[in-house]
>>> print(open('query_18.cif').read())   # mmCIF, C-alpha atoms
data_input
#
loop_
_atom_site.label_atom_id
_atom_site.label_comp_id
_atom_site.auth_asym_id
_atom_site.auth_seq_id
_atom_site.Cartn_x
_atom_site.Cartn_y
_atom_site.Cartn_z
CA MET L 1 -8.56 -34.88 45.16
CA ALA L 2 -8.99 -35.11 41.47
CA LEU L 3 -9.51 -32.90 38.55
CA ASN L 4 -12.00 -30.97 39.01
CA LEU L 5 -13.52 -28.41 36.84
CA ASN L 6 -14.42 -24.79 37.35
CA LEU L 7 -17.51 -25.21 35.23
CA ILE L 8 -19.23 -22.20 36.60
CA ALA L 9 -16.51 -20.57 34.51
CA THR L 10 -16.46 -23.09 31.66
CA LEU L 11 -19.75 -23.88 29.99
CA SER L 12 -19.76 -25.96 26.86
CA LEU L 13 -22.16 -28.74 27.86
CA LYS L 14 -22.18 -31.02 24.83
CA HIS L 15 -20.78 -28.43 22.46
CA GLN L 16 -17.21 -27.85 21.47
CA TYR L 17 -17.00 -24.15 22.08
CA VAL L 18 -15.98 -22.88 25.50
CA PHE L 19 -17.70 -19.84 26.96
CA SER L 20 -16.84 -17.87 30.06
CA PHE L 21 -18.88 -16.04 32.65
CA GLN L 22 -15.80 -13.88 33.22
CA PRO L 23 -12.16 -13.97 32.07
CA MET L 24 -11.15 -17.52 32.82
CA ALA L 25 -7.41 -17.19 33.28
CA ARG L 26 -7.01 -16.93 37.02
CA LEU L 27 -3.35 -17.62 36.71
CA ARG L 28 -0.47 -16.50 38.83
CA SER L 29 2.97 -17.98 39.13
CA PRO L 30 5.82 -17.80 41.66
CA LYS L 31 8.50 -15.40 40.46
CA SER L 32 11.02 -18.21 40.56
CA TYR L 33 8.93 -20.25 38.16
CA MET L 34 9.92 -18.17 35.16
CA THR L 35 9.04 -20.63 32.42
CA LEU L 36 5.39 -20.78 33.37
CA GLN L 37 5.28 -17.09 34.22
CA SER L 38 6.47 -16.11 30.77
CA HIS L 39 3.42 -17.82 29.28
CA ILE L 40 0.88 -16.14 31.54
CA LYS L 41 2.34 -12.68 32.09
CA GLY L 42 -0.24 -11.19 29.74
CA THR L 43 -3.17 -12.41 31.81
CA LYS L 44 -5.49 -9.55 32.69
CA ASN L 45 -7.17 -11.18 35.67
CA VAL L 46 -4.12 -11.91 37.82
CA LYS L 47 -5.06 -11.51 41.47
CA SER L 48 -3.52 -8.63 43.35
CA LEU L 49 -1.49 -9.35 46.46
CA LYS L 50 -4.20 -7.68 48.53
CA GLU L 51 -6.89 -9.92 47.03
CA ARG L 52 -4.83 -13.08 47.48
CA ASN L 53 -4.24 -12.22 51.14
CA ARG L 54 -7.84 -11.30 51.96
CA ASN L 55 -8.34 -14.46 54.03
CA ILE L 56 -4.82 -14.69 55.45
CA GLU L 57 -4.97 -13.36 58.98
CA GLU L 58 -4.84 -14.57 62.55
CA LEU L 59 -7.92 -16.52 63.50
CA PRO L 60 -9.80 -14.70 66.30
CA ALA L 61 -9.60 -16.40 69.68
CA GLU L 62 -13.32 -17.22 69.69
CA LYS L 63 -12.94 -19.11 66.39
CA VAL L 64 -9.95 -21.03 67.71
CA GLU L 65 -12.05 -21.97 70.72
CA ILE L 66 -14.77 -23.37 68.45
CA PHE L 67 -12.31 -25.84 66.94
CA LYS L 68 -10.85 -26.73 70.32
CA SER L 69 -14.35 -27.45 71.59
CA ILE L 70 -15.03 -30.00 68.83
CA GLU L 71 -11.75 -31.92 68.88
CA GLY L 72 -13.47 -34.80 70.68
CA TRP L 73 -16.27 -34.68 68.11
CA ALA L 74 -13.68 -34.81 65.31
CA VAL L 75 -12.03 -37.89 66.82
CA GLU L 76 -15.40 -39.66 66.96
CA ASN L 77 -16.90 -38.42 63.69
CA LEU L 78 -14.10 -37.56 61.22
CA LEU L 79 -11.19 -39.88 61.91
CA PRO L 80 -13.31 -43.06 61.57
CA MET L 81 -13.90 -42.04 57.93
CA LEU L 82 -10.26 -42.87 57.24
CA LYS L 83 -9.77 -46.53 56.40
CA PRO L 84 -7.01 -48.59 58.05
CA VAL L 85 -4.22 -49.47 55.64
CA ASN L 86 -4.90 -53.21 55.93
CA GLU L 87 -8.52 -52.61 54.87
CA SER L 88 -7.67 -50.29 51.98
CA TRP L 89 -7.27 -51.11 48.31
CA GLN L 90 -3.87 -50.58 46.73
CA PRO L 91 -2.98 -49.78 43.10
CA GLN L 92 -1.45 -53.23 42.65
CA ASP L 93 -4.90 -54.77 43.19
CA PHE L 94 -5.84 -53.45 39.72
CA LEU L 95 -2.56 -53.84 37.82
CA PRO L 96 -0.59 -56.68 36.22
CA ASP L 97 1.55 -58.54 38.74
CA PRO L 98 5.20 -58.28 37.63
CA SER L 99 6.11 -61.33 39.72
CA THR L 100 3.92 -63.68 37.69
CA GLU L 101 4.57 -65.42 34.39
CA GLY L 102 1.45 -63.86 32.94
CA PHE L 103 2.70 -60.29 33.45
CA TYR L 104 3.32 -59.50 29.78
CA GLU L 105 0.07 -61.11 28.72
CA GLN L 106 -1.81 -58.92 31.21
CA ILE L 107 -0.16 -55.82 29.70
CA LYS L 108 -1.30 -56.94 26.25
CA GLU L 109 -4.83 -57.24 27.60
CA ILE L 110 -4.72 -53.64 28.87
CA ARG L 111 -3.52 -52.44 25.47
CA GLU L 112 -6.23 -54.38 23.72
CA ARG L 113 -8.94 -52.96 25.99
CA THR L 114 -7.75 -49.36 25.62
CA LYS L 115 -6.91 -49.24 21.93
CA GLU L 116 -10.41 -48.08 20.91
CA ILE L 117 -10.89 -45.52 23.68
CA PRO L 118 -11.49 -42.10 22.05
CA ASP L 119 -8.86 -39.37 22.34
CA GLU L 120 -11.24 -36.98 24.11
CA TYR L 121 -11.77 -39.53 26.88
CA LEU L 122 -8.02 -40.00 27.22
CA VAL L 123 -7.55 -36.24 27.56
CA VAL L 124 -9.95 -36.11 30.50
CA LEU L 125 -8.51 -39.22 32.14
CA VAL L 126 -5.00 -37.78 31.84
CA GLY L 127 -6.19 -34.45 33.25
CA ASN L 128 -7.76 -36.24 36.20
CA MET L 129 -4.57 -38.16 36.82
CA ILE L 130 -2.34 -35.08 36.59
CA THR L 131 -4.51 -33.26 39.11
CA GLU L 132 -4.30 -36.22 41.46
CA GLU L 133 -0.52 -36.31 41.08
CA ALA L 134 -0.24 -32.72 42.38
CA LEU L 135 -1.13 -34.03 45.84
CA PRO L 136 1.99 -32.52 47.49
CA THR L 137 0.50 -29.09 46.81
CA TYR L 138 -2.85 -29.99 48.31
CA GLN L 139 -1.43 -31.47 51.50
CA SER L 140 0.87 -28.51 52.04
CA ARG L 141 -2.02 -26.16 51.36
CA LEU L 142 -4.31 -27.90 53.85
CA SER L 143 -1.52 -28.10 56.42
CA GLY L 144 -1.04 -24.36 55.98
CA THR L 145 -4.65 -23.71 57.00
CA GLN L 146 -5.10 -22.52 60.56
CA ILE L 147 -6.29 -25.25 62.94
CA PHE L 148 -5.24 -27.93 60.40
CA ASN L 149 -1.61 -26.82 60.51
CA ASP L 150 0.78 -29.64 61.37
CA GLN L 151 3.58 -27.82 63.18
CA THR L 152 5.91 -30.78 63.74
CA GLY L 153 4.86 -32.83 60.73
CA ALA L 154 3.58 -35.51 63.10
CA ASP L 155 1.18 -33.61 65.39
CA ASN L 156 -1.44 -35.69 67.19
CA THR L 157 -4.34 -33.25 66.87
CA PRO L 158 -7.34 -34.75 65.06
CA TRP L 159 -6.96 -32.10 62.34
CA ALA L 160 -3.33 -33.01 61.61
CA ILE L 161 -4.07 -36.74 61.79
CA TRP L 162 -6.94 -36.28 59.34
CA THR L 163 -4.81 -34.29 56.88
CA ARG L 164 -2.05 -36.91 56.77
CA GLY L 165 -4.52 -39.79 56.56
CA TRP L 166 -6.53 -38.10 53.82
CA SER L 167 -3.36 -37.45 51.84
CA ALA L 168 -2.22 -41.06 52.27
CA GLU L 169 -5.49 -42.31 50.82
CA GLU L 170 -5.50 -39.80 47.97
CA ASN L 171 -1.92 -40.72 47.03
CA ARG L 172 -3.11 -44.05 45.63
CA HIS L 173 -5.36 -42.37 43.06
CA GLY L 174 -2.62 -40.73 40.99
CA ASP L 175 -0.38 -43.77 41.36
CA LEU L 176 -2.99 -46.10 39.92
CA LEU L 177 -4.15 -43.92 37.04
CA ASN L 178 -0.56 -43.06 36.11
CA LYS L 179 0.51 -46.68 35.88
CA TYR L 180 -2.59 -47.74 33.97
CA LEU L 181 -2.15 -44.99 31.38
CA TYR L 182 1.54 -45.84 31.07
CA LEU L 183 0.76 -49.49 30.38
CA SER L 184 -1.92 -48.58 27.83
CA GLY L 185 0.66 -47.08 25.47
CA ARG L 186 -1.94 -44.56 24.29
CA VAL L 187 -0.45 -41.35 25.75
CA ASP L 188 2.79 -39.36 25.73
CA MET L 189 4.09 -40.07 29.22
CA LYS L 190 6.98 -37.61 29.05
CA GLN L 191 4.63 -34.74 28.28
CA ILE L 192 2.37 -35.88 31.10
CA GLU L 193 5.30 -36.01 33.49
CA LYS L 194 6.35 -32.51 32.49
CA THR L 195 2.82 -31.25 33.09
CA ILE L 196 2.83 -32.77 36.58
CA GLN L 197 6.15 -31.09 37.40
CA TYR L 198 4.91 -27.74 36.08
CA LEU L 199 1.72 -28.02 38.12
CA ILE L 200 3.40 -28.91 41.41
CA GLY L 201 5.96 -26.17 40.87
CA ALA L 202 3.27 -23.58 40.13
CA GLY L 203 1.23 -24.37 43.23
CA MET L 204 -2.37 -23.22 43.59
CA ASP L 205 -4.26 -20.15 44.69
CA VAL L 206 -7.95 -20.88 45.11
CA GLY L 207 -8.75 -17.79 47.18
CA SER L 208 -9.40 -19.63 50.46
CA GLY L 209 -6.47 -18.08 52.31
CA ASN L 210 -5.63 -19.85 55.54
CA HIS L 211 -9.07 -19.60 57.16
CA PRO L 212 -10.51 -23.01 58.14
CA TYR L 213 -14.09 -21.92 57.40
CA TYR L 214 -13.12 -21.33 53.77
CA GLY L 215 -11.12 -24.57 53.80
CA SER L 216 -14.02 -26.71 55.02
CA ILE L 217 -16.38 -25.36 52.35
CA TYR L 218 -13.83 -25.49 49.54
CA THR L 219 -12.85 -29.10 50.23
CA SER L 220 -16.51 -30.11 50.41
CA PHE L 221 -17.15 -28.75 46.92
CA GLN L 222 -13.88 -30.07 45.56
CA GLU L 223 -14.33 -33.62 46.79
CA ARG L 224 -17.91 -33.80 45.55
CA ALA L 225 -16.88 -32.51 42.12
CA THR L 226 -14.18 -35.17 42.05
CA PHE L 227 -16.66 -37.86 43.05
CA VAL L 228 -18.94 -36.86 40.17
CA SER L 229 -16.07 -36.65 37.68
CA HIS L 230 -14.55 -40.03 38.49
CA GLY L 231 -18.00 -41.59 38.57
CA ASN L 232 -18.71 -40.33 35.06
CA THR L 233 -15.32 -41.49 33.75
CA ALA L 234 -16.20 -44.92 35.13
CA LYS L 235 -19.48 -44.94 33.19
CA LEU L 236 -17.78 -43.90 29.96
CA ALA L 237 -14.96 -46.43 30.40
CA LYS L 238 -17.57 -49.18 30.62
CA LYS L 239 -19.31 -47.80 27.55
CA HIS L 240 -16.01 -47.91 25.65
CA GLY L 241 -15.45 -51.54 26.64
CA ASP L 242 -12.83 -51.27 29.40
CA THR L 243 -14.51 -52.75 32.45
CA LYS L 244 -11.25 -52.82 34.43
CA LEU L 245 -10.78 -49.07 33.93
CA ALA L 246 -14.42 -48.55 34.87
CA ARG L 247 -13.77 -50.40 38.13
CA ILE L 248 -10.66 -48.30 38.77
CA CYS L 249 -12.48 -45.01 38.28
CA GLY L 250 -15.45 -46.20 40.30
CA THR L 251 -13.23 -47.21 43.19
CA ILE L 252 -11.54 -43.82 43.21
CA ALA L 253 -14.96 -42.13 43.07
CA SER L 254 -15.97 -44.08 46.17
CA ASP L 255 -12.97 -42.70 48.05
CA GLU L 256 -13.82 -39.17 46.96
CA LYS L 257 -17.41 -39.59 48.14
CA ARG L 258 -16.20 -40.66 51.58
CA HIS L 259 -13.84 -37.68 51.76
CA GLU L 260 -16.64 -35.34 50.68
CA THR L 261 -18.79 -36.72 53.48
CA ALA L 262 -16.05 -35.97 56.00
CA TYR L 263 -15.41 -32.38 54.92
CA SER L 264 -19.09 -31.53 54.46
CA THR L 265 -19.90 -33.03 57.88
CA LEU L 266 -17.28 -30.74 59.42
CA ALA L 267 -18.78 -27.78 57.55
CA ALA L 268 -22.25 -28.75 58.80
CA LYS L 269 -20.93 -28.76 62.36
CA LEU L 270 -19.47 -25.28 61.85
CA PHE L 271 -22.78 -24.04 60.41
CA GLU L 272 -24.41 -25.33 63.59
CA LEU L 273 -21.94 -23.52 65.88
CA ASP L 274 -21.32 -20.33 63.89
CA PRO L 275 -24.03 -19.97 61.23
CA ASN L 276 -23.56 -16.26 60.59
CA ASP L 277 -19.88 -16.30 59.71
CA MET L 278 -20.15 -19.59 57.81
CA VAL L 279 -22.91 -18.29 55.53
CA LEU L 280 -20.90 -15.11 54.95
CA VAL L 281 -17.94 -17.25 53.89
CA LEU L 282 -20.10 -19.44 51.63
CA ALA L 283 -21.61 -16.40 49.92
CA ASP L 284 -18.17 -14.87 49.42
CA MET L 285 -16.93 -18.08 47.79
CA MET L 286 -19.98 -18.26 45.53
CA ARG L 287 -19.50 -14.68 44.39
CA ARG L 288 -15.84 -15.31 43.56
CA GLN L 289 -16.50 -18.83 42.19
CA ILE L 290 -14.93 -22.11 43.24
CA THR L 291 -11.53 -22.20 41.55
CA MET L 292 -10.32 -25.75 41.06
CA PRO L 293 -6.87 -26.84 42.24
CA ALA L 294 -5.33 -27.54 38.82
CA HIS L 295 -6.06 -24.07 37.45
CA LEU L 296 -2.32 -23.47 36.88
CA MET L 297 -1.98 -26.56 34.69
CA TYR L 298 0.62 -26.15 31.91
CA ASP L 299 2.48 -28.52 29.61
CA GLY L 300 5.14 -26.29 28.05
CA TYR L 301 2.94 -25.57 25.02
CA ASP L 302 -0.58 -24.47 25.88
CA PRO L 303 -0.98 -21.53 28.31
CA ASN L 304 -4.74 -22.21 28.32
CA LEU L 305 -4.42 -25.93 28.94
CA PHE L 306 -6.71 -26.03 31.96
CA GLN L 307 -9.51 -24.21 30.15
CA HIS L 308 -9.21 -26.49 27.13
CA PHE L 309 -9.18 -29.55 29.38
CA CYS L 310 -12.34 -28.26 31.11
CA GLY L 311 -14.01 -27.75 27.75
CA VAL L 312 -13.38 -31.34 26.68
CA ALA L 313 -14.54 -32.70 30.05
CA SER L 314 -17.76 -30.73 29.79
CA ARG L 315 -18.30 -31.69 26.14
CA ILE L 316 -18.27 -35.42 26.83
CA GLY L 317 -20.31 -35.12 30.02
CA ILE L 318 -17.63 -35.80 32.64
CA TYR L 319 -18.34 -32.62 34.61
CA THR L 320 -20.74 -29.99 33.32
CA ALA L 321 -22.40 -26.79 34.48
CA THR L 322 -25.41 -28.90 35.41
CA ASP L 323 -23.20 -30.95 37.73
CA TYR L 324 -21.93 -27.75 39.33
CA ILE L 325 -25.48 -26.52 39.89
CA ASN L 326 -26.54 -29.88 41.33
CA ASN L 327 -23.60 -29.83 43.73
CA LEU L 328 -24.45 -26.33 44.87
CA GLU L 329 -28.08 -27.29 45.48
CA HIS L 330 -26.88 -30.41 47.32
CA PHE L 331 -24.85 -28.40 49.83
CA VAL L 332 -27.49 -25.70 50.27
CA ALA L 333 -29.85 -28.50 51.31
CA LYS L 334 -27.30 -30.48 53.36
CA TRP L 335 -26.28 -27.43 55.38
CA ASN L 336 -29.89 -26.22 55.74
CA ILE L 337 -28.96 -22.77 54.47
CA GLU L 338 -32.58 -21.67 54.05
CA LYS L 339 -33.36 -22.51 57.69
CA LEU L 340 -30.39 -20.80 59.36
CA THR L 341 -31.46 -18.47 62.14
CA GLY L 342 -29.82 -15.91 64.40
CA LEU L 343 -28.16 -14.15 61.47
CA SER L 344 -27.06 -10.54 61.22
CA SER L 345 -28.42 -8.33 58.44
CA GLU L 346 -25.30 -9.18 56.41
CA GLY L 347 -25.85 -12.84 57.19
CA ARG L 348 -29.45 -12.74 55.98
CA GLU L 349 -28.33 -11.02 52.80
CA ALA L 350 -25.72 -13.73 52.25
CA GLN L 351 -28.34 -16.40 52.97
CA ASP L 352 -30.66 -14.97 50.32
CA TYR L 353 -27.83 -14.78 47.81
CA VAL L 354 -26.69 -18.37 48.35
CA CYS L 355 -30.23 -19.74 48.15
CA GLY L 356 -30.81 -18.00 44.82
CA VAL L 357 -27.47 -18.42 43.08
CA ALA L 358 -28.25 -21.84 41.56
CA GLN L 359 -31.24 -20.45 39.68
CA ARG L 360 -29.18 -17.53 38.39
CA ILE L 361 -26.53 -19.94 37.09
CA LYS L 362 -29.24 -22.03 35.41
CA ARG L 363 -30.47 -19.00 33.50
CA ILE L 364 -26.95 -18.16 32.36
CA GLU L 365 -26.40 -21.79 31.36
CA GLU L 366 -29.50 -21.77 29.21
CA ARG L 367 -28.41 -18.61 27.39
CA LEU L 368 -24.91 -19.91 26.77
CA THR L 369 -26.21 -23.27 25.58
CA ARG L 370 -28.37 -21.55 22.98
CA LYS L 371 -25.40 -19.45 21.89
CA ALA L 372 -23.13 -22.49 21.69
CA GLN L 373 -25.51 -24.20 19.28
CA GLN L 374 -24.97 -21.33 16.83
CA GLU L 375 -21.16 -21.29 17.02
CA THR L 376 -18.64 -23.16 14.90
CA PRO L 377 -17.22 -26.06 16.95
CA MET L 378 -13.60 -25.71 18.03
CA SER L 379 -10.95 -28.33 18.72
CA PHE L 380 -7.75 -28.15 20.73
CA SER L 381 -4.36 -29.83 20.45
CA PHE L 382 -3.13 -31.76 23.49
CA SER L 383 0.51 -32.74 23.88
CA TRP L 384 -0.61 -35.60 26.17
CA ILE L 385 -1.95 -37.45 23.11
CA PHE L 386 0.95 -36.56 20.78
CA HIS L 387 -0.56 -33.18 19.80
CA ARG L 388 -3.66 -34.66 18.25
CA HIS L 389 -6.74 -32.43 18.17
CA VAL L 390 -9.98 -33.16 19.97
#
>>> encode(input="query_18.cif", output="structure tokens")
Amino acid sequence: MALNLNLIATLSLKHQYVFSFQPMARLRSPKSYMTLQSHIKGTKNVKSLKERNRNIEELPAEKVEIFKSIEGWAVENLLPMLKPVNESWQPQDFLPDPSTEGFYEQIKEIRERTKEIPDEYLVVLVGNMITEEALPTYQSRLSGTQIFNDQTGADNTPWAIWTRGWSAEENRHGDLLNKYLYLSGRVDMKQIEKTIQYLIGAGMDVGSGNHPYYGSIYTSFQERATFVSHGNTAKLAKKHGDTKLARICGTIASDEKRHETAYSTLAAKLFELDPNDMVLVLADMMRRQITMPAHLMYDGYDPNLFQHFCGVASRIGIYTATDYINNLEHFVAKWNIEKLTGLSSEGREAQDYVCGVAQRIKRIEERLTRKAQQETPMSFSFSWIFHRHV
């Protein structure tokens, strides 16, 4: 699970100014995490306890039964999307081999390939890596979702097996990007390491509660956004002359695509079995926006680090509002939202909203793009690249 960007909230497209549909700081911090809290205590849009707990409740028995009824389906359709370890790539496949005589020469080659990569690209690559490195938060969050919860830590339900296997595959992404950036010599690794520690310590609150319907939709959007982001970093790496980095990012993107397929296939199955409640959940998530998992990113300096990171990623075309709209349209089509039947009046209202939201976002995007063209470009300082501005 990589970066990825809440670009329904951050629209800059190819411009340097960041605009918001609503106040962007959706930050909250555990009381024990005082350092981060002191930097965000002035945020006006902090979620209330009631709002944060809106989806935290016991799953009704009939919903539990739905998941029990598809355990066999999950074994046959989800678990095969996990690759056996012996068939999986490992970070070392892409890195200099320290056991060979050519180790130092291979490091020099990495430094030569990366020396001309622009700072703005490095910022986005670092942000992707940091988000990947916060994997402990994502696994604990998924394991805390009803049905997916792993009570012993080694449960043999298909949901628990999937969560551990997914996490094991994702773990390689941060490992590989971290080591490659370290060997490049282009970034401030201590500041990056501090950002990772801050982010894991802060956790995440994406508004999905512990309801598996919310979880299946959220992970579908998240993994697709990550697939798009890593795919675009691969294209830019090739453009900047680093074909090895392009291969790395492309390989990670392939993993994210496979994971997106798994989560969205589960969501499709739930739309088939419980279309009314699933479309209500989807509409609720669209109204509140998809908050990305690294929204509490902080480096000890910039309390708006995540927003600035999103702005740079959008500016250079890694993940833009257009990508967000395309992803939304993709899932509306994949889940056949327009053709759902047997809905309540509330369900039909939610269906109409979801089917029209992409066009509404497009209109907002067009207005903000025109406004951005009239604004003075802004740059931001990033500690990850020794406080240089981009």
>>> closest_residue(input="query_18.cif", among="L:Val281, L:Ala358, L:Ala313, L:Ile192", to="Val228 in chain L", atoms="all atoms listed in the file")
L:Ala313
>>> atom_distance(input="query_18.cif", atom1="CA of Ile252 in chain L", atom2="CA of Ala74 in chain L")
24.0 Å
>>> closest_atom_pairs(input="query_18.cif", of="range 174-219 of chain L", to="range 92-95 of chain L", cutoff="12 Å", atoms="all atoms listed in the file", output="Markdown table")
| residue | atom | partner | partner_atom | distance |
| --- | --- | --- | --- | --- |
| L:Asp175 | CA | L:Gln92 | CA | 9.6 |
| L:Leu176 | CA | L:Gln92 | CA | 7.8 |
| L:Leu177 | CA | L:Phe94 | CA | 10.0 |
| L:Asn178 | CA | L:Leu95 | CA | 11.1 |
| L:Lys179 | CA | L:Leu95 | CA | 8.0 |
| L:Tyr180 | CA | L:Leu95 | CA | 7.2 |
| L:Leu181 | CA | L:Leu95 | CA | 11.0 |
| L:Tyr182 | CA | L:Leu95 | CA | 11.2 |
| L:Leu183 | CA | L:Leu95 | CA | 9.2 |
| L:Ser184 | CA | L:Leu95 | CA | 11.3 |
>>> residues_near_point(input="query_18.cif", point="(-6.5, -39.6, 67.3)", cutoff="10 Å", atoms="only C-alpha atoms", output="list in words")
Glu71, Gly72, Ala74, Val75, Glu76, Leu78, Leu79, Pro80, Asp155, Asn156, Thr157, Pro158, Trp159, Ala160, Ile161 and Trp162 of chain L
>>> resolve_selection(input="query_18.cif", expression="the PyMOL selection byres ((chain L and resi 232-245) around 9)", output="list in words")
Phe94, Ile110, Arg113, Thr114, Glu116, Ile117, Pro118, Tyr121, Val124, Leu125, Leu177, Tyr180, Phe227, Val228, Ser229, His230, Gly231, Ala246, Arg247, Ile248, Cys249, Gly250, Thr251, Ala253, Gly317, Ile318 and Tyr319 of chain L
>>> atom_distance(input="query_18.cif", atom1="CA of Lys115 in chain L", atom2="CA of Leu135 in chain L")
28.9 Å
>>> atom_distance(input="query_18.cif", atom1="CA of Arg186 in chain L", atom2="CA of Met129 in chain L")
14.3 Å
>>> closest_residue(input="query_18.cif", among="L:Ala154, L:Leu296, L:Ala134, L:Ile337", to="Glu193 in chain L", atoms="only C-alpha atoms")
L:Ala134
>>> residues_around(input="query_18.cif", residues="range 209-226 of chain L", least_positions_apart="4", cutoff="9 Å", atoms="only C-alpha atoms", output="number ranges by chain")
L: 1-5, 52-59, 128, 141-142, 144-148, 205, 230-231, 253, 256-267, 270, 277-278, 281-282, 285, 290-293, 319, 323-324, 327-328, 331
>>> write_last_selection(input="query_18.cif", atoms="C-alpha atoms", output="CSV table (one decimal), in the frame of the given file")
chain,number,residue,atom,x,y,z
L,1,MET,CA,-8.6,-34.9,45.2
L,2,ALA,CA,-9.0,-35.1,41.5
L,3,LEU,CA,-9.5,-32.9,38.6
L,4,ASN,CA,-12.0,-31.0,39.0
L,5,LEU,CA,-13.5,-28.4,36.8
L,52,ARG,CA,-4.8,-13.1,47.5
L,53,ASN,CA,-4.2,-12.2,51.1
L,54,ARG,CA,-7.8,-11.3,52.0
L,55,ASN,CA,-8.3,-14.5,54.0
L,56,ILE,CA,-4.8,-14.7,55.4
L,57,GLU,CA,-5.0,-13.4,59.0
L,58,GLU,CA,-4.8,-14.6,62.6
L,59,LEU,CA,-7.9,-16.5,63.5
L,128,ASN,CA,-7.8,-36.2,36.2
L,141,ARG,CA,-2.0,-26.2,51.4
L,142,LEU,CA,-4.3,-27.9,53.8
L,144,GLY,CA,-1.0,-24.4,56.0
L,145,THR,CA,-4.6,-23.7,57.0
L,146,GLN,CA,-5.1,-22.5,60.6
L,147,ILE,CA,-6.3,-25.2,62.9
L,148,PHE,CA,-5.2,-27.9,60.4
L,205,ASP,CA,-4.3,-20.2,44.7
L,230,HIS,CA,-14.6,-40.0,38.5
L,231,GLY,CA,-18.0,-41.6,38.6
L,253,ALA,CA,-15.0,-42.1,43.1
L,256,GLU,CA,-13.8,-39.2,47.0
L,257,LYS,CA,-17.4,-39.6,48.1
L,258,ARG,CA,-16.2,-40.7,51.6
L,259,HIS,CA,-13.8,-37.7,51.8
L,260,GLU,CA,-16.6,-35.3,50.7
L,261,THR,CA,-18.8,-36.7,53.5
L,262,ALA,CA,-16.0,-36.0,56.0
L,263,TYR,CA,-15.4,-32.4,54.9
L,264,SER,CA,-19.1,-31.5,54.5
L,265,THR,CA,-19.9,-33.0,57.9
L,266,LEU,CA,-17.3,-30.7,59.4
L,267,ALA,CA,-18.8,-27.8,57.6
L,270,LEU,CA,-19.5,-25.3,61.8
L,277,ASP,CA,-19.9,-16.3,59.7
L,278,MET,CA,-20.2,-19.6,57.8
L,281,VAL,CA,-17.9,-17.2,53.9
L,282,LEU,CA,-20.1,-19.4,51.6
L,285,MET,CA,-16.9,-18.1,47.8
L,290,ILE,CA,-14.9,-22.1,43.2
L,291,THR,CA,-11.5,-22.2,41.6
L,292,MET,CA,-10.3,-25.8,41.1
L,293,PRO,CA,-6.9,-26.8,42.2
L,319,TYR,CA,-18.3,-32.6,34.6
L,323,ASP,CA,-23.2,-31.0,37.7
L,324,TYR,CA,-21.9,-27.8,39.3
L,327,ASN,CA,-23.6,-29.8,43.7
L,328,LEU,CA,-24.4,-26.3,44.9
L,331,PHE,CA,-24.8,-28.4,49.8
>>> closest_residue(input="query_18.cif", among="L:Gly356, L:Leu305, L:His173, L:Trp384", to="Met189 in chain L", atoms="all atoms listed in the file")
L:Trp384
>>> resolve_selection(input="query_18.cif", expression="the PyMOL selection byres ((chain L and resi 348) around 12)", output="ChimeraX atom specification")
/L:275-280,283,337-347,349-355
>>> write_last_selection(input="query_18.cif", atoms="C-alpha atoms", output="PDB file, in the coordinates of the input")
ATOM      1  CA  PRO L 275     -24.030 -19.970  61.230  1.00  0.00           C
ATOM      2  CA  ASN L 276     -23.560 -16.260  60.590  1.00  0.00           C
ATOM      3  CA  ASP L 277     -19.880 -16.300  59.710  1.00  0.00           C
ATOM      4  CA  MET L 278     -20.150 -19.590  57.810  1.00  0.00           C
ATOM      5  CA  VAL L 279     -22.910 -18.290  55.530  1.00  0.00           C
ATOM      6  CA  LEU L 280     -20.900 -15.110  54.950  1.00  0.00           C
ATOM      7  CA  ALA L 283     -21.610 -16.400  49.920  1.00  0.00           C
ATOM      8  CA  ILE L 337     -28.960 -22.770  54.470  1.00  0.00           C
ATOM      9  CA  GLU L 338     -32.580 -21.670  54.050  1.00  0.00           C
ATOM     10  CA  LYS L 339     -33.360 -22.510  57.690  1.00  0.00           C
ATOM     11  CA  LEU L 340     -30.390 -20.800  59.360  1.00  0.00           C
ATOM     12  CA  THR L 341     -31.460 -18.470  62.140  1.00  0.00           C
ATOM     13  CA  GLY L 342     -29.820 -15.910  64.400  1.00  0.00           C
ATOM     14  CA  LEU L 343     -28.160 -14.150  61.470  1.00  0.00           C
ATOM     15  CA  SER L 344     -27.060 -10.540  61.220  1.00  0.00           C
ATOM     16  CA  SER L 345     -28.420  -8.330  58.440  1.00  0.00           C
ATOM     17  CA  GLU L 346     -25.300  -9.180  56.410  1.00  0.00           C
ATOM     18  CA  GLY L 347     -25.850 -12.840  57.190  1.00  0.00           C
ATOM     19  CA  GLU L 349     -28.330 -11.020  52.800  1.00  0.00           C
ATOM     20  CA  ALA L 350     -25.720 -13.730  52.250  1.00  0.00           C
ATOM     21  CA  GLN L 351     -28.340 -16.400  52.970  1.00  0.00           C
ATOM     22  CA  ASP L 352     -30.660 -14.970  50.320  1.00  0.00           C
ATOM     23  CA  TYR L 353     -27.830 -14.780  47.810  1.00  0.00           C
ATOM     24  CA  VAL L 354     -26.690 -18.370  48.350  1.00  0.00           C
ATOM     25  CA  CYS L 355     -30.230 -19.740  48.150  1.00  0.00           C
TER      26      CYS L 355
END
>>> closest_residue(input="query_18.cif", among="L:Lys269, L:His295, L:Arg360, L:Arg287", to="Trp335 in chain L", atoms="only C-alpha atoms")
L:Lys269
>>> residues_around(input="query_18.cif", residues="Ser140 in chain L", least_positions_apart="6", cutoff="10 Å", atoms="only C-alpha atoms", output="PyMOL selection string")
chain L and resi 149-150+163+167+203
>>> closest_residue(input="query_18.cif", among="L:Lys362, L:Lys63, L:His387, L:Arg172", to="Val187 in chain L", atoms="only C-alpha atoms")
L:His387
